[in-house]
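The data block below is protein.txt; it holds compact mmCIF, C-alpha atoms.
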```txt
# COMPACT_ATOMS: atom_id res chain seq x y z
CA MET H 816 145.03 130.98 52.97
CA PRO H 817 144.04 127.41 52.08
CA HIS H 818 146.13 125.56 49.53
CA ILE H 819 143.64 123.03 48.24
CA VAL H 820 140.92 123.03 45.67
CA PRO H 821 137.87 121.80 47.56
CA ARG H 822 135.18 120.69 45.31
CA ALA H 823 132.76 119.93 46.46
CA THR H 824 132.39 117.42 47.23
CA ALA H 825 126.59 117.91 47.78
CA PHE H 826 120.87 114.48 47.07
CA VAL H 827 118.42 115.16 44.53
CA ALA H 828 116.06 113.05 42.47
CA CYS H 829 118.18 111.20 39.92
CA LEU H 830 119.43 113.30 37.03
CA LEU H 831 119.62 110.60 34.46
CA ILE H 832 119.60 109.85 30.80
CA GLY H 833 116.11 110.15 29.40
CA GLY H 834 114.76 110.96 32.85
CA ALA H 835 114.85 107.33 34.02
CA ALA H 836 117.48 105.57 36.10
CA GLN H 837 119.94 103.40 34.25
CA ALA H 838 121.88 100.87 36.27
CA GLY H 839 125.57 101.62 36.38
CA ASP H 840 125.32 105.35 35.68
CA TRP H 841 127.15 108.00 37.73
CA PRO H 842 125.72 111.08 35.99
CA GLN H 843 126.76 113.89 38.33
CA ILE H 844 128.72 114.87 41.39
CA LEU H 845 128.63 112.11 44.02
CA GLY H 846 126.50 109.83 41.89
CA PRO H 847 122.80 109.23 41.15
CA GLN H 848 121.50 110.83 44.37
CA ARG H 849 124.37 113.33 44.88
CA ASN H 850 125.27 111.69 48.18
CA GLY H 851 128.08 109.26 47.28
CA ILE H 852 125.80 106.22 47.59
CA ALA H 853 125.64 103.57 44.86
CA ALA H 854 123.13 101.22 46.49
CA ASP H 855 123.00 98.70 43.64
CA GLU H 856 126.74 98.48 43.06
CA LYS H 857 128.64 95.38 44.16
CA VAL H 858 132.41 95.30 44.61
CA ALA H 859 134.86 92.53 45.43
CA ASP H 860 136.04 92.13 49.03
CA ARG H 861 139.52 91.13 47.88
CA TRP H 862 141.89 92.31 45.16
CA PRO H 863 144.93 90.73 43.49
CA ALA H 864 148.27 91.27 45.22
CA GLY H 865 149.06 94.32 43.09
CA GLY H 866 145.65 95.90 43.61
CA PRO H 867 142.57 95.96 41.37
CA LYS H 868 143.17 95.46 37.67
CA THR H 869 143.55 98.59 35.54
CA LEU H 870 141.34 98.04 32.48
CA TRP H 871 142.58 101.20 30.77
CA GLN H 872 144.19 104.53 31.50
CA ARG H 873 144.81 107.75 29.61
CA SER H 874 146.47 111.10 30.10
CA VAL H 875 144.37 114.07 31.17
CA GLY H 876 145.04 117.79 31.36
CA GLU H 877 144.82 120.24 34.24
CA GLY H 878 141.91 120.19 36.64
CA VAL H 879 140.43 118.39 39.61
CA ALA H 880 136.96 117.72 38.23
CA GLY H 881 135.89 114.12 38.68
CA VAL H 882 134.20 112.34 35.78
CA ALA H 883 130.54 111.56 35.10
CA VAL H 884 129.48 108.23 33.60
CA ALA H 885 126.27 107.78 31.59
CA ASP H 886 125.03 105.64 28.73
CA GLY H 887 128.34 103.83 28.36
CA ARG H 888 130.32 107.08 28.17
CA VAL H 889 132.80 108.61 30.59
CA ILE H 890 132.63 112.40 30.49
CA VAL H 891 135.96 114.07 31.25
CA PHE H 892 136.32 117.81 31.79
CA HIS H 893 139.87 119.18 31.85
CA ARG H 894 142.14 121.89 30.50
CA ILE H 895 144.82 121.60 27.84
CA ASP H 896 146.75 124.79 27.09
CA ASP H 897 144.15 127.57 26.74
CA GLU H 898 141.13 125.33 26.20
CA GLU H 899 138.72 123.68 28.59
CA ARG H 900 137.73 120.41 26.96
CA VAL H 901 134.72 118.20 27.45
CA GLU H 902 135.51 114.70 26.19
CA ALA H 903 133.45 111.54 25.89
CA ILE H 904 135.31 108.26 26.27
CA ASP H 905 133.99 104.74 25.79
CA ALA H 906 133.54 103.50 29.35
CA ALA H 907 134.62 99.93 28.62
CA SER H 908 137.65 100.52 26.39
CA GLY H 909 138.83 104.07 27.09
CA LYS H 910 138.65 104.95 23.39
CA PRO H 911 137.87 108.61 22.63
CA LEU H 912 134.45 109.34 21.10
CA TRP H 913 134.29 113.15 20.77
CA THR H 914 135.73 116.40 22.11
CA ALA H 915 134.17 119.84 22.61
CA ALA H 916 136.66 122.64 23.34
CA PHE H 917 136.12 126.13 24.76
CA PRO H 918 138.74 128.90 25.07
CA THR H 919 139.70 129.99 28.58
CA SER H 920 142.05 132.44 30.25
CA PHE H 921 141.14 131.40 33.80
CA ARG H 922 143.73 131.84 36.53
CA PRO H 923 142.69 131.32 40.18
CA ASP H 924 143.64 133.78 42.91
CA VAL H 925 145.15 130.83 44.82
CA GLY H 926 146.66 128.46 42.28
CA ALA H 927 148.16 125.54 44.20
CA ALA H 928 146.07 123.03 42.21
CA GLY H 929 146.44 124.56 38.77
CA ASN H 930 144.24 126.31 36.25
CA GLY H 931 141.86 123.56 35.22
CA PRO H 932 138.15 123.14 35.96
CA ARG H 933 136.88 122.10 39.38
CA CYS H 934 133.23 121.13 38.76
CA VAL H 935 132.06 117.59 37.98
CA PRO H 936 130.09 117.34 34.70
CA LEU H 937 126.33 116.79 34.93
CA VAL H 938 124.49 114.55 32.44
CA HIS H 939 120.74 114.94 32.06
CA ASP H 940 118.34 114.03 29.26
CA ARG H 941 121.11 113.30 26.74
CA ARG H 942 122.92 116.56 27.41
CA VAL H 943 126.12 117.35 29.28
CA TYR H 944 126.43 120.50 31.42
CA VAL H 945 129.82 121.74 32.59
CA VAL H 946 131.10 124.76 34.54
CA GLY H 947 134.62 125.96 33.82
CA GLY H 948 137.11 127.38 36.28
CA GLY H 949 136.19 130.93 35.31
CA GLY H 950 132.46 130.32 35.73
CA ASP H 951 131.54 129.72 32.06
CA VAL H 952 128.62 127.29 31.65
CA HIS H 953 128.39 125.05 28.58
CA CYS H 954 125.79 122.57 27.36
CA VAL H 955 126.75 119.96 24.75
CA ALA H 956 125.03 116.93 23.25
CA LEU H 957 125.90 113.64 24.96
CA GLU H 958 126.04 111.66 21.72
CA THR H 959 128.06 114.05 19.56
CA GLY H 960 129.60 116.80 21.71
CA LYS H 961 127.87 119.47 19.63
CA THR H 962 127.60 122.75 21.54
CA ILE H 963 123.98 123.62 22.33
CA TRP H 964 124.54 126.79 24.39
CA SER H 965 127.10 128.64 26.51
CA ARG H 966 126.89 131.36 29.16
CA ALA H 967 129.71 133.39 30.74
CA ALA H 968 127.86 133.21 34.05
CA TYR H 969 130.51 134.68 36.36
CA ARG H 970 131.12 137.63 34.05
CA GLU H 971 127.45 138.25 33.29
CA PHE H 972 126.40 138.24 36.95
CA GLN H 973 129.55 140.04 38.19
CA ALA H 974 130.65 137.16 40.38
CA PRO H 975 134.20 137.24 41.80
CA ASN H 976 136.60 134.35 41.22
CA GLY H 977 136.95 133.59 44.91
CA TYR H 978 140.07 131.76 45.99
CA PHE H 979 139.98 128.97 43.41
CA GLY H 980 137.45 129.97 40.76
CA ALA H 981 134.10 128.26 40.23
CA GLY H 982 133.73 125.03 42.18
CA SER H 983 130.03 124.46 42.85
CA SER H 984 128.55 121.88 40.47
CA PRO H 985 125.00 122.87 39.41
CA ILE H 986 121.87 120.80 39.86
CA VAL H 987 118.90 120.03 37.59
CA GLU H 988 115.63 120.53 39.42
CA ALA H 989 112.12 121.55 38.31
CA GLY H 990 113.28 121.55 34.69
CA LYS H 991 116.05 124.08 35.36
CA LEU H 992 119.81 124.13 35.77
CA ILE H 993 120.30 125.81 39.17
CA MET H 994 123.72 127.18 40.09
CA ASN H 995 125.29 129.07 43.00
CA VAL H 996 126.85 131.70 40.73
CA GLY H 997 127.67 134.10 43.55
CA GLY H 998 126.77 137.33 41.77
CA ALA H 999 125.92 139.10 45.01
CA ARG H 1000 126.08 142.65 43.61
CA SER H 1001 123.81 141.83 40.66
CA GLY H 1002 121.23 139.84 42.59
CA GLY H 1003 122.52 136.73 40.85
CA GLY H 1004 123.66 134.79 43.87
CA LEU H 1005 121.54 131.87 42.70
CA VAL H 1006 120.54 131.52 39.05
CA ALA H 1007 118.24 129.13 37.18
CA PHE H 1008 119.01 128.54 33.49
CA ASP H 1009 116.68 127.04 30.91
CA LEU H 1010 117.93 123.54 30.11
CA ALA H 1011 117.30 123.81 26.38
CA THR H 1012 118.46 127.36 25.66
CA GLY H 1013 120.55 128.55 28.62
CA LYS H 1014 118.34 131.61 29.07
CA THR H 1015 117.93 132.96 32.59
CA ILE H 1016 114.61 131.83 34.11
CA TRP H 1017 115.15 133.48 37.48
CA GLN H 1018 117.92 134.98 39.57
CA ALA H 1019 117.70 135.42 43.32
CA THR H 1020 119.54 136.47 46.48
CA ASP H 1021 122.85 138.15 47.20
CA GLU H 1022 124.48 134.87 48.28
CA GLN H 1023 128.15 134.49 47.45
CA ALA H 1024 129.43 131.27 45.92
CA SER H 1025 131.02 128.40 47.82
CA TYR H 1026 132.68 125.16 46.72
CA SER H 1027 129.76 123.07 47.95
CA SER H 1028 127.19 121.76 45.47
CA PRO H 1029 123.40 121.97 45.93
CA VAL H 1030 121.13 119.04 46.72
CA ALA H 1031 117.36 118.56 46.57
CA ALA H 1032 114.83 116.85 48.79
CA THR H 1033 111.11 116.70 49.48
CA ILE H 1034 110.41 117.34 53.16
CA ASP H 1035 106.90 117.78 54.63
CA GLY H 1036 105.54 117.68 51.09
CA VAL H 1037 107.65 120.65 49.97
CA ARG H 1038 110.49 120.50 47.44
CA HIS H 1039 113.70 122.13 48.63
CA VAL H 1040 116.94 122.87 46.83
CA ILE H 1041 119.45 123.19 49.65
CA LEU H 1042 122.78 124.97 49.27
CA VAL H 1043 125.73 125.75 51.47
CA THR H 1044 126.81 129.14 50.13
CA ARG H 1045 129.76 131.24 51.28
CA TYR H 1046 128.12 132.26 54.56
CA ASN H 1047 124.77 130.48 54.87
CA VAL H 1048 122.78 127.29 54.52
CA VAL H 1049 119.90 128.23 52.22
CA SER H 1050 116.77 126.46 51.03
CA ILE H 1051 115.00 127.75 47.92
CA ASP H 1052 111.89 126.94 45.97
CA PRO H 1053 113.32 125.60 42.68
CA GLU H 1054 110.34 126.91 40.71
CA THR H 1055 110.85 130.56 41.68
CA GLY H 1056 114.11 130.96 43.58
CA GLN H 1057 112.20 132.20 46.62
CA VAL H 1058 114.09 131.56 49.86
CA ARG H 1059 112.27 129.10 52.11
CA PHE H 1060 114.77 129.53 54.96
CA LYS H 1061 118.40 130.23 55.68
CA PHE H 1062 120.72 130.21 58.66
CA PRO H 1063 124.34 131.33 59.10
CA PHE H 1064 127.12 128.92 58.28
CA GLY H 1065 130.72 129.93 57.57
CA LYS H 1066 133.23 132.58 58.60
CA ARG H 1067 134.82 135.58 56.97
CA GLY H 1068 138.51 135.47 56.14
CA PRO H 1069 140.47 132.66 54.49
CA THR H 1070 137.82 129.97 54.96
CA VAL H 1071 136.04 127.62 52.56
CA ASN H 1072 132.67 125.84 52.62
CA ALA H 1073 133.15 122.86 50.33
CA ALA H 1074 131.46 119.66 51.54
CA ASN H 1075 127.99 119.08 50.13
CA PRO H 1076 125.05 119.25 52.55
CA LEU H 1077 123.46 115.92 53.42
CA VAL H 1078 119.73 115.45 53.91
CA ILE H 1079 119.17 112.75 56.53
CA ASP H 1080 115.67 111.82 57.68
CA GLY H 1081 114.32 115.34 57.39
CA HIS H 1082 117.48 116.97 58.73
CA ILE H 1083 120.42 118.82 57.18
CA PHE H 1084 124.01 118.03 58.07
CA ALA H 1085 126.56 120.63 56.95
CA THR H 1086 130.25 120.68 57.76
CA ALA H 1087 133.36 122.79 57.19
CA SER H 1088 136.80 123.21 58.68
CA TYR H 1089 138.60 126.54 59.42
CA GLY H 1090 136.85 126.89 62.78
CA VAL H 1091 133.38 126.71 61.26
CA GLY H 1092 132.48 123.21 62.46
CA ALA H 1093 129.33 121.21 61.77
CA VAL H 1094 125.60 121.81 62.16
CA PHE H 1095 122.62 119.46 62.32
CA ALA H 1096 119.22 121.05 61.75
CA LYS H 1097 115.62 119.85 61.53
CA VAL H 1098 113.94 120.98 58.29
CA HIS H 1099 110.32 122.13 58.07
CA LYS H 1100 108.37 123.55 55.13
CA ASP H 1101 109.59 127.11 55.62
CA LYS H 1102 112.09 127.02 58.46
CA ALA H 1103 114.98 125.05 59.94
CA GLN H 1104 115.59 124.40 63.63
CA ILE H 1105 119.18 123.91 64.81
CA VAL H 1106 119.58 120.67 66.80
CA TRP H 1107 123.30 121.07 67.51
CA THR H 1108 126.35 122.87 66.21
CA ASN H 1109 130.01 122.62 67.22
CA ASP H 1110 133.57 122.22 65.94
CA ASP H 1111 134.29 118.96 67.79
CA VAL H 1112 132.38 116.30 65.87
CA MET H 1113 133.19 116.28 62.15
CA SER H 1114 134.69 119.44 60.65
CA SER H 1115 135.54 118.51 57.07
CA GLN H 1116 137.68 120.72 54.86
CA TYR H 1117 136.01 119.45 51.68
CA PRO H 1118 135.06 115.73 51.56
CA THR H 1119 131.35 114.92 51.85
CA ALA H 1120 130.56 112.26 54.44
CA ILE H 1121 128.65 109.05 53.73
CA ALA H 1122 125.39 108.34 55.56
CA LYS H 1123 124.53 104.73 56.42
CA ASP H 1124 122.19 103.25 59.01
CA GLY H 1125 121.94 106.45 61.03
CA ARG H 1126 125.69 107.12 61.10
CA LEU H 1127 128.08 109.27 59.11
CA TYR H 1128 131.53 108.22 57.91
CA GLY H 1129 133.82 111.06 56.91
CA ILE H 1130 136.86 113.23 57.50
CA ASP H 1131 137.51 115.56 60.40
CA GLY H 1132 140.35 118.00 59.75
CA ARG H 1133 142.33 119.86 57.11
CA GLN H 1134 144.71 118.64 54.45
CA ASP H 1135 146.80 121.81 54.39
CA ALA H 1136 147.16 121.70 58.19
CA GLY H 1137 148.39 118.11 58.05
CA VAL H 1138 145.74 116.79 60.45
CA ALA H 1139 142.89 114.72 59.04
CA SER H 1140 141.19 111.82 60.80
CA LEU H 1141 138.58 109.32 59.66
CA ARG H 1142 135.50 109.33 61.89
CA CYS H 1143 132.18 107.66 62.43
CA ILE H 1144 129.59 109.84 64.13
CA GLU H 1145 125.94 109.69 65.12
CA PRO H 1146 124.48 112.84 63.56
CA LYS H 1147 121.26 112.95 65.58
CA THR H 1148 123.19 113.29 68.83
CA GLY H 1149 126.55 114.62 67.65
CA LYS H 1150 128.29 111.68 69.33
CA VAL H 1151 131.66 110.52 67.94
CA LEU H 1152 131.59 106.72 67.78
CA TRP H 1153 135.21 106.15 66.70
CA THR H 1154 138.21 107.97 65.24
CA GLN H 1155 141.07 106.69 63.09
CA GLU H 1156 143.71 109.31 63.80
CA ASN H 1157 146.01 110.68 61.07
CA PHE H 1158 144.14 108.83 58.34
CA GLY H 1159 144.68 111.63 55.84
CA MET H 1160 142.32 113.40 53.46
CA ALA H 1161 140.02 111.15 51.41
CA THR H 1162 136.81 110.98 49.40
CA PHE H 1163 134.14 108.29 49.70
CA ILE H 1164 131.68 106.10 47.83
CA LEU H 1165 129.31 103.63 49.48
CA ALA H 1166 128.97 100.62 47.15
CA GLY H 1167 126.31 98.35 48.59
CA GLU H 1168 127.75 97.38 51.99
CA ARG H 1169 131.30 98.57 51.34
CA LEU H 1170 133.06 101.91 51.64
CA VAL H 1171 135.34 102.71 48.71
CA ILE H 1172 137.84 105.29 49.97
CA VAL H 1173 140.23 107.20 47.72
CA LYS H 1174 142.91 108.98 49.71
CA THR H 1175 144.61 112.07 48.34
CA ASP H 1176 147.99 110.33 48.60
CA GLY H 1177 146.83 107.86 45.92
CA GLU H 1178 145.88 104.95 48.19
CA LEU H 1179 142.63 103.06 47.56
CA VAL H 1180 140.97 101.46 50.59
CA LEU H 1181 137.97 99.14 50.81
CA ALA H 1182 136.34 99.08 54.24
CA GLU H 1183 133.30 97.74 56.05
CA PRO H 1184 131.18 100.57 57.47
CA THR H 1185 130.59 99.70 61.10
CA PRO H 1186 129.85 101.92 64.12
CA ARG H 1187 132.23 99.93 66.32
CA GLU H 1188 135.64 100.48 64.70
CA PHE H 1189 137.50 101.23 61.49
CA ARG H 1190 137.50 97.92 59.63
CA PRO H 1191 139.59 97.97 56.41
CA LEU H 1192 139.33 94.93 54.17
CA VAL H 1193 141.97 95.59 51.51
CA GLN H 1194 144.04 98.49 50.22
CA ALA H 1195 146.32 99.28 47.31
CA ARG H 1196 148.40 102.13 45.92
CA VAL H 1197 146.81 103.26 42.64
CA PHE H 1198 148.64 106.61 42.27
CA ARG H 1199 151.84 108.06 43.66
CA SER H 1200 150.80 111.67 43.31
CA THR H 1201 148.08 113.92 44.69
CA THR H 1202 144.60 112.54 43.97
CA ARG H 1203 141.94 115.16 44.72
CA ALA H 1204 139.30 114.59 42.03
CA LEU H 1205 136.12 112.84 43.13
CA PRO H 1206 135.98 109.19 41.98
CA ALA H 1207 133.04 107.69 40.07
CA LEU H 1208 131.71 104.12 40.31
CA ALA H 1209 129.62 102.64 37.50
CA GLY H 1210 128.96 98.98 36.79
CA GLY H 1211 131.64 97.89 39.24
CA LEU H 1212 134.29 100.01 37.50
CA LEU H 1213 135.99 102.79 39.46
CA TYR H 1214 137.11 105.85 37.53
CA VAL H 1215 139.75 107.81 39.40
CA ARG H 1216 142.30 110.44 38.36
CA ASP H 1217 145.34 112.17 39.75
CA GLU H 1218 146.99 115.27 38.29
CA THR H 1219 147.90 113.66 34.94
CA THR H 1220 146.15 110.30 34.50
CA LEU H 1221 142.62 108.87 34.50
CA LYS H 1222 142.34 105.17 35.34
CA CYS H 1223 139.50 102.68 35.03
CA LEU H 1224 139.86 100.07 37.80
CA ASP H 1225 137.93 96.81 37.90
CA LEU H 1226 136.30 96.39 41.36
CA ARG H 1227 133.70 93.85 40.24
CA PRO H 1228 133.25 90.68 42.33
```
Go through the file and emit its structure as structure tokens.
Amino acid sequence: MPHIVPRATAFVACLLIGGAAQAGDWPQILGPQRNGIAADEKVADRWPAGGPKTLWQRSVGEGVAGVAVADGRVIVFHRIDDEERVEAIDAASGKPLWTAAFPTSFRPDVGAAGNGPRCVPLVHDRRVYVVGGGGDVHCVALETGKTIWSRAAYREFQAPNGYFGAGSSPIVEAGKLIMNVGGARSGGGLVAFDLATGKTIWQATDEQASYSSPVAATIDGVRHVILVTRYNVVSIDPETGQVRFKFPFGKRGPTVNAANPLVIDGHIFATASYGVGAVFAKVHKDKAQIVWTNDDVMSSQYPTAIAKDGRLYGIDGRQDAGVASLRCIEPKTGKVLWTQENFGMATFILAGERLVIVKTDGELVLAEPTPREFRPLVQARVFRSTTRALPALAGGLLYVRDETTLKCLDLRP
């Protein structure tokens, strides 16, 4: 049985304030494009001796949900006592702006990482969407925190908790909030909610939920929402929920699919540990063709790899098994270009031409992404406890949290 809370760590046309991109926003899981890439961000190549400056920090409750950043606000989702709280914080100063609280009795079946939420908040069109540990979905106003609607999605669609509760962050596509609810028995494996009211627009499939988050892409003139569910890679039409294609991915037993799928030049890359391995498939309008699949290239327990210049940089291995290496691979061929053994588990952001790496042991590493070798530039210890939550980078400021504290670190040149 795994003893981590993989989040997904899965992209889509930008989901941004007012529908238009704003420089320095990180409005959802893995940033503007849901792929960990912040193309316009610039970070310093060197830090002071003690590491990057901490501009502010504050205590946070239970949970491993990373933050979203939009319109000068940091959106934190965590649990304090028997409430899951959405909080807006001034991004520059760390001062609290508002709080929206929702009662919860969530307890995961496997509780090594606590009882707090797992899903990164999503900000779209001046609204914040969050999914609690027990599968409750809430929509609140970005400016005030006023509750607009709530749905007990897991209960309504008879979805099981799984090992760790809800961990797949939803996506906004085709004017809908689309979520891998996992209500297989009710036909609510995938559900689309109305953004304004929360009403069900469509429900489809008997897919079970994973800890991977959906992505979207236009390929051959067709819009796909692509999900790694519990046992499959699935593409759906976001307008109707109709399945465009699916192929098996995953294993029964104590396994987890948690890394987000990556869309690379008309292909899908999906990866998991637990003997599942990785797959690279060519996508067409209504089918996918497997190019290669094996367990020897990059089998990631939960971090999503970073794509740059035809290569992938990511983790091969499992945190709970004590073996996790940093790798660079060529996805089109499945060739491993280099391996940094025993690197440890980590999550990634690509800021311009630099990899920002947050290791789960609390170490922050800045590296140059190169296909020849691992090339670290500078590193610093920013936490001395387990750091699983996905980081966010906005305007050169890195927002990162461990089990008790959220920090704003200045990485600007």
What are the nearest atom pairs, with distances in Å to one decimal, for all residues of region 1104-1138 of chain H that come at most 12 Å from region 1064-1069 of chain H, using all atoms listed in the file, set out by chain and rising residue number as CSV?
```
residue,atom,partner,partner_atom,distance
H:Ile1105,CA,H:Phe1064,CA,11.4
H:Thr1108,CA,H:Phe1064,CA,10.0
H:Asn1109,CA,H:Phe1064,CA,11.3
H:Asp1110,CA,H:Gly1065,CA,11.7
H:Ser1114,CA,H:Gly1065,CA,11.6
H:Gln1116,CA,H:Gly1065,CA,11.9
```
Report summary line: Expressed in Å, the length from CA of Pro867 (chain H) to CA of Val879 (chain H) is 22.6 Å
Requested in this report: Record the distance separating CA of Gly1004 (chain H) and CA of Tyr1117 (chain H), expressed in Å with one decimal.
Outcome: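 We find that CA of Gly1004 (chain H) and CA of Tyr1117 (chain H) lie 21.2 Å from each other.
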Report task. Find the residues around Gly931 (chain H) up to 6 Å (only C-alpha atoms counted), leave out those fewer than 3 positions away in its own chain, and share them as a ChimeraX atom specification. Result -> /H:877-878,893-894
Tell me, counting all atoms listed in the file, for each residue of region 1018-1115 of chain H within 12 Å of region 933-942 of chain H, which pair of atoms is nearest and how far apart they are in Å to one decimal, in rows ordered by chain and increasing number, as a tab-separated table.
```
residue	atom	partner	partner_atom	distance
H:Ser1025	CA	H:Cys934	CA	11.8
H:Tyr1026	CA	H:Cys934	CA	8.9
H:Ser1027	CA	H:Cys934	CA	10.0
H:Ser1028	CA	H:Cys934	CA	9.1
H:Ala1073	CA	H:Arg933	CA	11.6
```
Requested in this report: Up to 7 Å from (121.5, 128.9, 37.0) in the file's coordinates: name the residues, counting only C-alpha atoms, as number ranges by chain.
Outcome: H: 992-994, 1005-1008, 1015
Please produce a file of the residues just selected, as a compact mmCIF listing (two decimals), in the coordinates of the input, where the atoms kept are C-alpha atoms.
```
# COMPACT_ATOMS: atom_id res chain seq x y z
CA LEU H 992 119.81 124.13 35.77
CA ILE H 993 120.30 125.81 39.17
CA MET H 994 123.72 127.18 40.09
CA LEU H 1005 121.54 131.87 42.70
CA VAL H 1006 120.54 131.52 39.05
CA ALA H 1007 118.24 129.13 37.18
CA PHE H 1008 119.01 128.54 33.49
CA THR H 1015 117.93 132.96 32.59
```
Query raised in the report: Pick the closest to Gly1056 (chain H) from H:Gly1081, H:Gly1003, H:Pro1076, H:Gly947: which is it, counting only C-alpha atoms?
Result: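 Nearest candidate to Gly1056 (chain H) out of H:Gly1081, H:Gly1003, H:Pro1076, H:Gly947: H:Gly1003.
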Cut-off 8 Å: closest region 863-981 of chain H/region 1206-1209 of chain H atom pairs per residue, using only C-alpha atoms, as CSV:
```
residue,atom,partner,partner_atom,distance
H:Gly881,CA,H:Pro1206,CA,5.9
H:Val882,CA,H:Ala1207,CA,6.4
H:Ala883,CA,H:Ala1207,CA,6.8
H:Val884,CA,H:Ala1209,CA,6.8
```
Report task. For CA of Ala1166 (chain H) and CA of Gly866 (chain H), determine how far apart the two atoms are, in Å to one decimal place. Result ->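 Rounded to one decimal, the two atoms are 17.7 Å apart.
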List every residue of region 969-1029 of chain H that has an atom at most 6 Å from any atom of region 909-926 of chain H, and for each one report the closest atom pair and its distance in Å to one decimal, counting all atoms listed in the file, with rows sorted by chain and then by increasing residue number, as CSV.
```
residue,atom,partner,partner_atom,distance
H:Tyr978,CA,H:Asp924,CA,5.1
H:Phe979,CA,H:Pro923,CA,4.8
H:Gly980,CA,H:Pro923,CA,5.4
```
Query raised in the report: What's the 9 Å shell around region 1017-1022 of chain H, counting only C-alpha atoms, without same-chain residues fewer than 6 positions away, as a list in words?
Result: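 Counting only the stated atoms, we get Asn995, Val996, Gly997, Gly998, Ala999, Arg1000, Ser1001, Gly1002, Gly1003, Gly1004, Leu1005, Val1006, Ala1007, Phe1008, Thr1044, Arg1045, Tyr1046, Asn1047, Val1049, Glu1054, Thr1055, Gly1056, Gln1057 and Val1058 of chain H.
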Using the file's own x, y and z axes, what box holds all listed atoms of region 972-984 of chain H with 8 Å on each side, keeping edges along x, y and z, and what are its centre and edge lengths in Å to one decimal, as lines of an AutoDock Vina configuration file?
```
center_x = 133.2
center_y = 131.0
center_z = 41.5
size_x = 29.7
size_y = 34.2
size_z = 25.0
```
Query raised in the report: Nearest to Ile1144 (chain H): which of H:Asn1157, H:Ala1011, H:Pro1186, H:Leu1170 is it, counting only C-alpha atoms?
Result: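 Residue with the minimum atom-to-atom distance to Ile1144 (chain H): H:Pro1186.
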Query raised in the report: Taking (150.1, 92.7, 42.3) in the file's coordinates as the center, which residues reach within 12 Å of it, counting all atoms listed in the file, put as a ChimeraX atom specification?
Result: /H:862-869,1194-1197
Please produce region 924-935 of chain H, completed to N, CA and C atoms, as an mmCIF file, in the coordinates of the input.
```cif
data_model
loop_
_atom_site.group_PDB
_atom_site.id
_atom_site.type_symbol
_atom_site.label_atom_id
_atom_site.label_comp_id
_atom_site.auth_asym_id
_atom_site.auth_seq_id
_atom_site.Cartn_x
_atom_site.Cartn_y
_atom_site.Cartn_z
ATOM 1 N N ASP H 924 142.910 132.904 42.006
ATOM 2 C CA ASP H 924 143.640 133.780 42.910
ATOM 3 C C ASP H 924 144.634 132.977 43.757
ATOM 4 N N VAL H 925 144.265 131.753 44.112
ATOM 5 C CA VAL H 925 145.150 130.830 44.820
ATOM 6 C C VAL H 925 145.311 129.618 43.912
ATOM 7 N N GLY H 926 146.518 129.407 43.383
ATOM 8 C CA GLY H 926 146.660 128.460 42.280
ATOM 9 C C GLY H 926 147.399 127.192 42.582
ATOM 10 N N ALA H 927 147.373 126.722 43.836
ATOM 11 C CA ALA H 927 148.160 125.540 44.200
ATOM 12 C C ALA H 927 147.767 124.307 43.400
ATOM 13 N N ALA H 928 146.524 124.228 42.930
ATOM 14 C CA ALA H 928 146.070 123.030 42.210
ATOM 15 C C ALA H 928 145.863 123.296 40.721
ATOM 16 N N GLY H 929 146.452 124.360 40.216
ATOM 17 C CA GLY H 929 146.440 124.560 38.770
ATOM 18 C C GLY H 929 145.271 125.361 38.257
ATOM 19 N N ASN H 930 145.175 125.421 36.936
ATOM 20 C CA ASN H 930 144.240 126.310 36.250
ATOM 21 C C ASN H 930 143.063 125.593 35.596
ATOM 22 N N GLY H 931 142.920 124.321 35.861
ATOM 23 C CA GLY H 931 141.860 123.560 35.220
ATOM 24 C C GLY H 931 140.534 123.668 35.932
ATOM 25 N N PRO H 932 139.476 123.083 35.353
ATOM 26 C CA PRO H 932 138.150 123.140 35.960
ATOM 27 C C PRO H 932 138.046 122.331 37.240
ATOM 28 N N ARG H 933 137.087 122.737 38.080
ATOM 29 C CA ARG H 933 136.880 122.100 39.380
ATOM 30 C C ARG H 933 135.566 121.326 39.472
ATOM 31 N N CYS H 934 134.594 121.657 38.621
ATOM 32 C CA CYS H 934 133.230 121.130 38.760
ATOM 33 C C CYS H 934 133.036 119.821 37.987
ATOM 34 N N VAL H 935 132.387 118.859 38.624
ATOM 35 C CA VAL H 935 132.060 117.590 37.980
ATOM 36 C C VAL H 935 130.996 117.819 36.912
#
```
